[in-house]
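In what follows, a structure is listed as structure tokens, so that the remarks can point back to it.
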Amino acid sequence: MGQYERLVLMAEDELTQYSSDARKIEKLRRKIGISVNRAEQQAVKAALEAELPTGGIAKIVETQRQTAALPFWGIAGLGLLFGISLNQPLDFIAAVGGTAAAISIQRWGWKLYAKRIVLDTLIDIDTKISEIKPKP
């Protein structure tokens, strides 16, 4: 597993805990500073800057993953409701499809948010290093 995947997994681990983004960045900064050398940090930062979205649907999913998945949860619920109440087995396909779409959208948003936290942490590390370096 490369440093890129390892850093994203560390960020996902931090996302499971309820805290502010600043606290998550603070905790990740310590972990990244200890475990990843400077050259690898720059390589991961460049890869993340190239990969992360700046607009469009992906940006909406990154910032509002639950809101983006909500219509699909509604489709799943209606499919289940109509499948049971109207005795229509084909409506269960909508329930399964809506559930799968909602889960995949939320999973995609979770990954994007973890990558954004890693990028913000690496940018924070760069700013701290530039503040510490003596100026001639």
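Scheme for the structure tokens: letters A, B, ... for chains in order shown; per-chain residue numbers from 1; ligand numbers from 1 in order shown.
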Quick one: pick out all alpha helix (DSSP H) residues within chain A from a backbone DSSP run and write them as a ChimeraX atom specification. /A:3-15,21-35,38-51,57-63,65-85,91-132
Quick one: contact table of region 45-124 of chain A to region 18-29 of chain A, 9 Å max, nearest atom pair and distance in Å to one decimal per residue, counting only C-alpha atoms, chain and number order, as a Markdown table?
```
| residue | atom | partner | partner_atom | distance |
| --- | --- | --- | --- | --- |
| A:Ile117 | CA | A:Ile25 | CA | 6.7 |
| A:Val118 | CA | A:Leu28 | CA | 7.7 |
| A:Asp120 | CA | A:Ile25 | CA | 7.2 |
| A:Thr121 | CA | A:Ile25 | CA | 5.2 |
| A:Leu122 | CA | A:Arg29 | CA | 7.5 |
| A:Asp124 | CA | A:Arg29 | CA | 7.9 |
```
For the selection you just gave me, I'd like the residues written to a file as a tab-separated table (two decimals), in the first residue's frame, keeping all heavy atoms.
```tsv
chain	number	residue	atom	x	y	z
A	117	ILE	N	-9.49	16.32	3.39
A	117	ILE	CA	-8.87	16.51	4.71
A	117	ILE	C	-7.36	16.27	4.64
A	117	ILE	O	-6.57	17.01	5.24
A	117	ILE	CB	-9.53	15.58	5.76
A	117	ILE	CG1	-10.96	16.02	6.04
A	117	ILE	CG2	-8.74	15.53	7.05
A	117	ILE	CD1	-11.09	17.32	6.79
A	118	VAL	N	-6.94	15.25	3.89
A	118	VAL	CA	-5.50	14.99	3.73
A	118	VAL	C	-4.83	16.17	3.03
A	118	VAL	O	-3.77	16.64	3.46
A	118	VAL	CB	-5.25	13.68	2.96
A	118	VAL	CG1	-3.79	13.53	2.59
A	118	VAL	CG2	-5.71	12.49	3.77
A	120	ASP	N	-5.86	19.32	2.90
A	120	ASP	CA	-5.83	20.46	3.83
A	120	ASP	C	-4.74	20.29	4.89
A	120	ASP	O	-4.09	21.27	5.27
A	120	ASP	CB	-7.19	20.62	4.50
A	120	ASP	CG	-8.27	21.10	3.54
A	120	ASP	OD1	-7.92	21.58	2.44
A	120	ASP	OD2	-9.46	20.99	3.90
A	121	THR	N	-4.54	19.07	5.34
A	121	THR	CA	-3.49	18.80	6.33
A	121	THR	C	-2.11	19.04	5.72
A	121	THR	O	-1.25	19.65	6.36
A	121	THR	CB	-3.60	17.36	6.84
A	121	THR	OG1	-4.90	17.16	7.38
A	121	THR	CG2	-2.56	17.08	7.91
A	122	LEU	N	-1.90	18.58	4.50
A	122	LEU	CA	-0.60	18.78	3.85
A	122	LEU	C	-0.34	20.26	3.58
A	122	LEU	O	0.79	20.73	3.72
A	122	LEU	CB	-0.53	17.96	2.57
A	122	LEU	CG	-0.50	16.44	2.76
A	122	LEU	CD1	-0.60	15.72	1.43
A	122	LEU	CD2	0.74	16.01	3.51
A	124	ASP	N	-1.54	22.67	5.43
A	124	ASP	CA	-1.26	23.20	6.77
A	124	ASP	C	0.18	22.92	7.18
A	124	ASP	O	0.85	23.79	7.76
A	124	ASP	CB	-2.25	22.60	7.78
A	124	ASP	CG	-2.13	23.23	9.13
A	124	ASP	OD1	-2.20	24.48	9.22
A	124	ASP	OD2	-1.94	22.48	10.11
```
What's the 12 Å shell around region 38-54 of chain A, counting only C-alpha atoms, without same-chain residues fewer than 2 positions away, as a ChimeraX atom specification? /A:2-8,29,31-36,56-63,108-109,111-126,129
Using CA of Ala11 (chain A) and CA of Gln66 (chain A) as the two end points, give the distance in Å to one decimal.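 Computing the Euclidean distance for CA of Ala11 (chain A) and CA of Gln66 (chain A) yields 18.7 Å.
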